[in-house]
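Shown here: start.cif, mmCIF, C-alpha atoms.
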data_final
#
loop_
_atom_site.group_PDB
_atom_site.id
_atom_site.type_symbol
_atom_site.label_atom_id
_atom_site.label_comp_id
_atom_site.auth_asym_id
_atom_site.auth_seq_id
_atom_site.Cartn_x
_atom_site.Cartn_y
_atom_site.Cartn_z
ATOM 1 C CA MET A 1 -30.303 36.040 7.529
ATOM 2 C CA ARG A 2 -28.754 32.925 6.044
ATOM 3 C CA ARG A 3 -26.279 31.040 8.229
ATOM 4 C CA PRO A 4 -22.790 30.470 6.734
ATOM 5 C CA ASN A 5 -21.959 26.965 5.601
ATOM 6 C CA PRO A 6 -18.953 25.670 7.621
ATOM 7 C CA LEU A 7 -17.864 23.623 4.597
ATOM 8 C CA GLN A 8 -17.650 26.729 2.425
ATOM 9 C CA PRO A 9 -15.748 29.538 4.153
ATOM 10 C CA ARG A 10 -16.225 33.034 2.745
ATOM 11 C CA ASP A 11 -12.593 33.422 1.682
ATOM 12 C CA ARG A 12 -12.554 30.163 -0.329
ATOM 13 C CA PRO A 13 -14.884 28.904 -3.049
ATOM 14 C CA GLY A 14 -15.340 25.604 -1.233
ATOM 15 C CA LEU A 15 -13.561 22.606 0.160
ATOM 16 C CA ALA A 16 -12.710 19.922 -2.348
ATOM 17 C CA TYR A 17 -12.521 17.211 0.323
ATOM 18 C CA PHE A 18 -14.791 17.207 3.304
ATOM 19 C CA VAL A 19 -14.427 13.560 4.331
ATOM 20 C CA TYR A 20 -10.945 12.131 4.814
ATOM 21 C CA THR A 21 -10.201 8.437 5.136
ATOM 22 C CA TYR A 22 -7.251 7.504 7.332
ATOM 23 C CA SER A 23 -5.225 4.324 7.090
ATOM 24 C CA THR A 24 -2.113 2.496 8.113
ATOM 25 C CA GLN A 25 -0.502 -0.709 6.916
ATOM 26 C CA MET A 26 2.211 -2.954 8.293
ATOM 27 C CA ALA A 27 4.043 -5.698 6.468
ATOM 28 C CA GLU A 28 6.092 -8.686 7.553
ATOM 29 C CA VAL A 29 8.718 -9.763 5.028
ATOM 30 C CA GLU A 30 11.389 -12.367 4.624
ATOM 31 C CA VAL A 31 14.448 -11.316 2.609
ATOM 32 C CA ASP A 32 16.949 -13.719 1.063
ATOM 33 C CA VAL A 33 20.243 -11.907 1.719
ATOM 34 C CA LYS A 34 22.032 -13.927 -0.979
ATOM 35 C CA THR A 35 19.659 -12.952 -3.783
ATOM 36 C CA GLY A 36 17.651 -9.955 -2.565
ATOM 37 C CA TYR A 37 14.378 -11.798 -3.138
ATOM 38 C CA VAL A 38 11.629 -10.472 -0.861
ATOM 39 C CA ASP A 39 8.693 -12.571 0.248
ATOM 40 C CA VAL A 40 5.835 -10.633 1.850
ATOM 41 C CA LEU A 41 4.430 -12.982 4.474
ATOM 42 C CA ASN A 42 1.720 -10.872 6.106
ATOM 43 C CA LEU A 43 0.159 -7.487 5.574
ATOM 44 C CA VAL A 44 -2.206 -5.783 8.020
ATOM 45 C CA ALA A 45 -4.304 -2.993 6.501
ATOM 46 C CA THR A 46 -6.364 -0.753 8.787
ATOM 47 C CA PHE A 47 -8.789 1.893 7.511
ATOM 48 C CA ASP A 48 -11.041 4.443 9.188
ATOM 49 C CA ILE A 49 -13.904 4.359 6.699
ATOM 50 C CA GLY A 50 -16.783 5.813 8.669
ATOM 51 C CA LYS A 51 -19.756 3.466 8.558
ATOM 52 C CA ALA A 52 -19.209 0.290 6.519
ATOM 53 C CA ILE A 53 -22.479 0.054 4.601
ATOM 54 C CA ASN A 54 -21.432 -3.250 3.035
ATOM 55 C CA PRO A 55 -18.662 -4.750 5.234
ATOM 56 C CA LEU A 56 -17.908 -7.667 2.882
ATOM 57 C CA MET A 57 -17.434 -5.286 -0.060
ATOM 58 C CA VAL A 58 -15.151 -3.098 2.067
ATOM 59 C CA GLU A 59 -13.033 -6.140 2.978
ATOM 60 C CA GLY A 60 -12.805 -7.145 -0.689
ATOM 61 C CA GLN A 61 -11.853 -3.600 -1.709
ATOM 62 C CA ILE A 62 -9.087 -3.543 0.886
ATOM 63 C CA GLU A 63 -7.735 -6.943 -0.172
ATOM 64 C CA GLY A 64 -7.901 -6.076 -3.882
ATOM 65 C CA GLY A 65 -6.283 -2.685 -3.438
ATOM 66 C CA VAL A 66 -3.508 -4.140 -1.284
ATOM 67 C CA MET A 67 -2.884 -6.820 -3.930
ATOM 68 C CA MET A 68 -2.602 -4.189 -6.671
ATOM 69 C CA ALA A 69 -0.113 -2.246 -4.589
ATOM 70 C CA TRP A 70 1.766 -5.422 -3.570
ATOM 71 C CA LEU A 71 2.587 -6.074 -7.204
ATOM 72 C CA ARG A 72 4.371 -2.729 -7.656
ATOM 73 C CA PRO A 73 7.116 -2.883 -5.009
ATOM 74 C CA HIS A 74 7.957 -6.390 -6.127
ATOM 75 C CA GLY A 75 8.253 -5.559 -9.802
ATOM 76 C CA ARG A 76 5.484 -8.068 -10.394
ATOM 77 C CA GLY A 77 3.088 -5.679 -12.070
ATOM 78 C CA GLY A 78 3.947 -6.861 -15.560
ATOM 79 C CA HIS A 79 6.314 -4.486 -17.312
ATOM 80 C CA GLU A 80 7.880 -2.775 -14.318
ATOM 81 C CA GLY A 81 11.531 -3.625 -14.048
ATOM 82 C CA TRP A 82 11.497 -6.696 -16.279
ATOM 83 C CA ASP A 83 11.249 -7.136 -20.010
ATOM 84 C CA ASP A 84 8.599 -9.813 -20.563
ATOM 85 C CA SER A 85 10.398 -11.015 -23.705
ATOM 86 C CA GLU A 86 13.331 -12.116 -21.532
ATOM 87 C CA PRO A 87 13.174 -15.074 -19.152
ATOM 88 C CA ARG A 88 12.486 -14.005 -15.584
ATOM 89 C CA PRO A 89 14.812 -15.041 -12.788
ATOM 90 C CA PRO A 90 13.671 -18.088 -10.812
ATOM 91 C CA GLY A 91 10.804 -17.273 -8.491
ATOM 92 C CA LEU A 92 9.727 -14.174 -10.433
ATOM 93 C CA HIS A 93 6.648 -14.988 -12.457
ATOM 94 C CA HIS A 94 3.302 -13.354 -12.953
ATOM 95 C CA PRO A 95 1.690 -13.814 -9.551
ATOM 96 C CA THR A 96 -1.442 -15.746 -8.821
ATOM 97 C CA ALA A 97 -3.633 -15.908 -5.713
ATOM 98 C CA LEU A 98 -1.288 -18.615 -4.411
ATOM 99 C CA ASP A 99 1.572 -16.085 -4.337
ATOM 100 C CA ALA A 100 -0.388 -13.491 -2.356
ATOM 101 C CA PRO A 101 0.618 -12.602 1.165
ATOM 102 C CA GLU A 102 -1.768 -13.118 4.041
ATOM 103 C CA ILE A 103 -3.821 -9.903 4.200
ATOM 104 C CA LYS A 104 -5.663 -8.930 7.355
ATOM 105 C CA PRO A 105 -8.129 -6.111 6.632
ATOM 106 C CA ILE A 106 -9.275 -4.113 9.650
ATOM 107 C CA THR A 107 -11.941 -1.437 9.506
ATOM 108 C CA VAL A 108 -12.456 1.268 12.089
ATOM 109 C CA GLU A 109 -16.042 2.450 11.991
ATOM 110 C CA TYR A 110 -16.446 5.969 13.291
ATOM 111 C CA SER A 111 -19.488 7.523 11.631
ATOM 112 C CA ASN A 112 -18.901 10.772 9.739
ATOM 113 C CA VAL A 113 -21.620 13.436 9.806
ATOM 114 C CA HIS A 114 -20.832 14.584 6.246
ATOM 115 C CA GLY A 115 -20.795 11.194 4.519
ATOM 116 C CA PRO A 116 -23.880 9.348 3.268
ATOM 117 C CA PHE A 117 -25.217 7.180 6.122
ATOM 118 C CA GLY A 118 -22.015 8.049 8.004
ATOM 119 C CA ALA A 119 -19.727 6.448 5.397
ATOM 120 C CA LYS A 120 -16.450 7.936 4.208
ATOM 121 C CA GLY A 121 -15.257 5.689 1.418
ATOM 122 C CA ILE A 122 -12.541 3.207 0.611
ATOM 123 C CA GLY A 123 -11.865 3.560 -3.145
ATOM 124 C CA GLU A 124 -8.161 3.837 -3.924
ATOM 125 C CA MET A 125 -7.005 4.095 -0.315
ATOM 126 C CA PRO A 126 -5.673 0.511 -0.009
ATOM 127 C CA ASN A 127 -3.193 1.223 -2.842
ATOM 128 C CA ILE A 128 -1.447 4.076 -1.087
ATOM 129 C CA PRO A 129 0.246 2.712 2.083
ATOM 130 C CA ALA A 130 1.126 -0.812 0.896
ATOM 131 C CA ALA A 131 4.375 -0.020 -0.943
ATOM 132 C CA PRO A 132 5.782 2.090 1.921
ATOM 133 C CA ALA A 133 4.770 -0.630 4.402
ATOM 134 C CA ILE A 134 6.636 -3.256 2.362
ATOM 135 C CA THR A 135 9.756 -1.157 1.747
ATOM 136 C CA ASN A 136 9.863 -0.166 5.441
ATOM 137 C CA ALA A 137 9.632 -3.846 6.369
ATOM 138 C CA ILE A 138 12.555 -4.562 4.023
ATOM 139 C CA ALA A 139 14.589 -1.805 5.709
ATOM 140 C CA ASN A 140 13.685 -3.206 9.122
ATOM 141 C CA ALA A 141 14.674 -6.734 8.064
ATOM 142 C CA VAL A 142 18.051 -6.020 6.440
ATOM 143 C CA GLY A 143 18.994 -2.471 7.434
ATOM 144 C CA ALA A 144 18.993 -1.227 3.838
ATOM 145 C CA ARG A 145 16.392 1.224 2.606
ATOM 146 C CA ILE A 146 14.820 0.991 -0.837
ATOM 147 C CA TYR A 147 14.190 4.432 -2.327
ATOM 148 C CA ASP A 148 12.824 3.440 -5.746
ATOM 149 C CA LEU A 149 10.189 1.014 -6.925
ATOM 150 C CA PRO A 150 9.986 -1.725 -7.906
ATOM 151 C CA ALA A 151 11.916 -3.349 -5.093
ATOM 152 C CA HIS A 152 12.972 -6.250 -7.282
ATOM 153 C CA PRO A 153 15.719 -8.620 -6.076
ATOM 154 C CA GLU A 154 18.558 -6.823 -7.853
ATOM 155 C CA ARG A 155 17.638 -3.462 -6.302
ATOM 156 C CA VAL A 156 17.256 -4.994 -2.833
ATOM 157 C CA TYR A 157 20.550 -6.871 -3.166
ATOM 158 C CA MET A 158 22.408 -3.753 -4.318
ATOM 159 C CA ALA A 159 20.960 -1.721 -1.421
ATOM 160 C CA MET A 160 22.121 -4.406 1.037
ATOM 161 C CA LYS A 161 25.550 -4.547 -0.594
ATOM 162 C CA LYS A 162 25.908 -0.759 -0.402
ATOM 163 C CA ARG A 163 24.774 -0.755 3.225
ATOM 164 C CA PHE A 164 27.244 -3.415 4.298
ATOM 165 C CA THR A 165 30.229 -2.267 2.233
ATOM 166 C CA GLN A 166 29.860 1.502 2.657
ATOM 167 C CA GLY A 167 27.881 1.608 5.877
ATOM 168 C CA GLY A 168 25.198 3.800 4.327
#
Could you render the structure from this file as structure tokens?
Amino acid sequence: MRRPNPLQPRDRPGLAYFVYTYSTQMAEVEVDVKTGYVDVLNLVATFDIGKAINPLMVEGQIEGGVMMAWLRPHGRGGHEGWDDSEPRPPGLHHPTALDAPEIKPITVEYSNVHGPFGAKGIGEMPNIPAAPAITNAIANAVGARIYDLPAHPERVYMAMKKRFTQGG
């Protein structure tokens, strides 16, 4: 008699995901309360990736993914929130490596029995928690929560104004 496969229960055709990657990110920001401009100073990105087969590649993937996500909450991703035919406000330009926050990638290696060589994967994971980490840091810094992206200076300023004039 054939033993049942624990990854394919009888009542389901199969599990789409058998290896989950877990992560968390924390950001440190500085907010100019007069303009709403947000400067991300530091970002810590931690990922449980199973076995890191190529640790340097994993670190680069984390840093690159965090950078891609960092652009979005700031409205620095090109056409999000600003019309490129219009002059940008001072300090808002297309970012370079010099504008990047300090990123500290941390990997937690706990081998997974289902992944190749114990690996899980890193792929798109660094993109997911960065924006919430940054917007939560903004809320922690100024007491005003940002509910929509990008968190460009006008949106941050208006959220602070609403918070301090209406108390909400």
How close does each residue of stretch 23-45 of chain A get to stretch 62-70 of chain A, giving the shortest atom pair and distance in Å to one decimal for every residue with an atom at most 12 Å away, counting all atoms listed in the file, sorted by chain and residue number, as a tab-separated table?
residue	atom	partner	partner_atom	distance
A:Ser23	CA	A:Ile62	CA	10.7
A:Thr24	CA	A:Val66	CA	11.6
A:Gln25	CA	A:Val66	CA	9.4
A:Met26	CA	A:Val66	CA	11.2
A:Ala27	CA	A:Trp70	CA	10.3
A:Val29	CA	A:Trp70	CA	11.9
A:Val38	CA	A:Trp70	CA	11.4
A:Asp39	CA	A:Trp70	CA	10.7
A:Val40	CA	A:Trp70	CA	8.5
A:Leu41	CA	A:Trp70	CA	11.4
A:Asn42	CA	A:Trp70	CA	11.1
A:Leu43	CA	A:Val66	CA	8.5
A:Val44	CA	A:Val66	CA	9.5
A:Ala45	CA	A:Ile62	CA	7.4
(request) Identify which of the residues A:Gly60, A:Gly50, A:Gly36, A:Pro55 lies closest to A:Pro116, counting only C-alpha atoms when measuring atom-to-atom distances. (result) A:Gly50
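Excluding stretch 163-166 of chain A and any residue on its chain fewer than 2 positions from it, the residues at most 10 Å away by all atoms listed in the file are A:Val142, A:Gly143, A:Ala144, A:Arg145, A:Tyr157, A:Met158, A:Ala159, A:Met160, A:Lys161, A:Gly168.
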Tell me which residues the PyMOL selection byres ((chain A and resi 107) around 6) grabs here, as a PDB file with C-alpha atoms, in the coordinates of the input.
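The resulting file, out.pdb, is reproduced below:
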ATOM      1  CA  THR A  46      -6.364  -0.753   8.787  1.00  0.00           C
ATOM      2  CA  PHE A  47      -8.789   1.893   7.511  1.00  0.00           C
ATOM      3  CA  ASP A  48     -11.041   4.443   9.188  1.00  0.00           C
ATOM      4  CA  ILE A 106      -9.275  -4.113   9.650  1.00  0.00           C
ATOM      5  CA  VAL A 108     -12.456   1.268  12.089  1.00  0.00           C
TER       6      VAL A 108
END
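We find atom CA of A:Glu109 and atom CA of A:Tyr22 to be spaced 11.2 Å apart.
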(message) Between A:Gly121, A:Pro126, A:Pro101, A:Pro150, which residue has the minimum interatomic distance to A:Thr21, considering only C-alpha atoms?
(response)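 Using only C-alpha atoms, the shortest distance to A:Thr21 belongs to A:Gly121.
Closest to A:Val58 among A:Tyr37, A:Pro129, A:Ala119, A:Val19 is A:Ala119, based on only C-alpha atoms.
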Might you pull out every residue within 9 Å of A:Ala131, with all atoms listed in the file counted and same-chain residues fewer than 2 positions away left off, and present them as an mmCIF file with C-alpha atoms, in the frame of the given file?
data_model
loop_
_atom_site.group_PDB
_atom_site.id
_atom_site.type_symbol
_atom_site.label_atom_id
_atom_site.label_comp_id
_atom_site.auth_asym_id
_atom_site.auth_seq_id
_atom_site.Cartn_x
_atom_site.Cartn_y
_atom_site.Cartn_z
ATOM 1 C CA VAL A 66 -3.508 -4.140 -1.284
ATOM 2 C CA ALA A 69 -0.113 -2.246 -4.589
ATOM 3 C CA TRP A 70 1.766 -5.422 -3.570
ATOM 4 C CA LEU A 71 2.587 -6.074 -7.204
ATOM 5 C CA ARG A 72 4.371 -2.729 -7.656
ATOM 6 C CA PRO A 73 7.116 -2.883 -5.009
ATOM 7 C CA HIS A 74 7.957 -6.390 -6.127
ATOM 8 C CA ASN A 127 -3.193 1.223 -2.842
ATOM 9 C CA ILE A 128 -1.447 4.076 -1.087
ATOM 10 C CA PRO A 129 0.246 2.712 2.083
ATOM 11 C CA ALA A 133 4.770 -0.630 4.402
ATOM 12 C CA ILE A 134 6.636 -3.256 2.362
ATOM 13 C CA THR A 135 9.756 -1.157 1.747
ATOM 14 C CA ASN A 136 9.863 -0.166 5.441
ATOM 15 C CA LEU A 149 10.189 1.014 -6.925
#
(request) Calculate how many Å separate atom CA of A:Leu98 from atom CA of A:Ala141, rounding to one decimal. (result)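 For atom CA of A:Leu98 relative to atom CA of A:Ala141, the distance reads 23.5 Å.
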(request) Take atom CA of A:Lys162 and atom CA of A:Glu28 and report the distance between them in Å, one decimal. (result)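 We find that atom CA of A:Lys162 and atom CA of A:Glu28 lie 22.8 Å from each other.
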Build an axis-aligned box that encloses every atom of stretch 106-113 of chain A listed in the file, pad it by 8 Å on each side, and report its centre and edge lengths in Å to one decimal, as JSON.
{"center_x": -15.4, "center_y": 4.7, "center_z": 11.4, "size_x": 28.3, "size_y": 33.5, "size_z": 19.8}
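Considering all atoms listed in the file, the residue among A:Met125, A:Ala97, A:Val156, A:Val33 positioned nearest to A:Ile49 is A:Met125.
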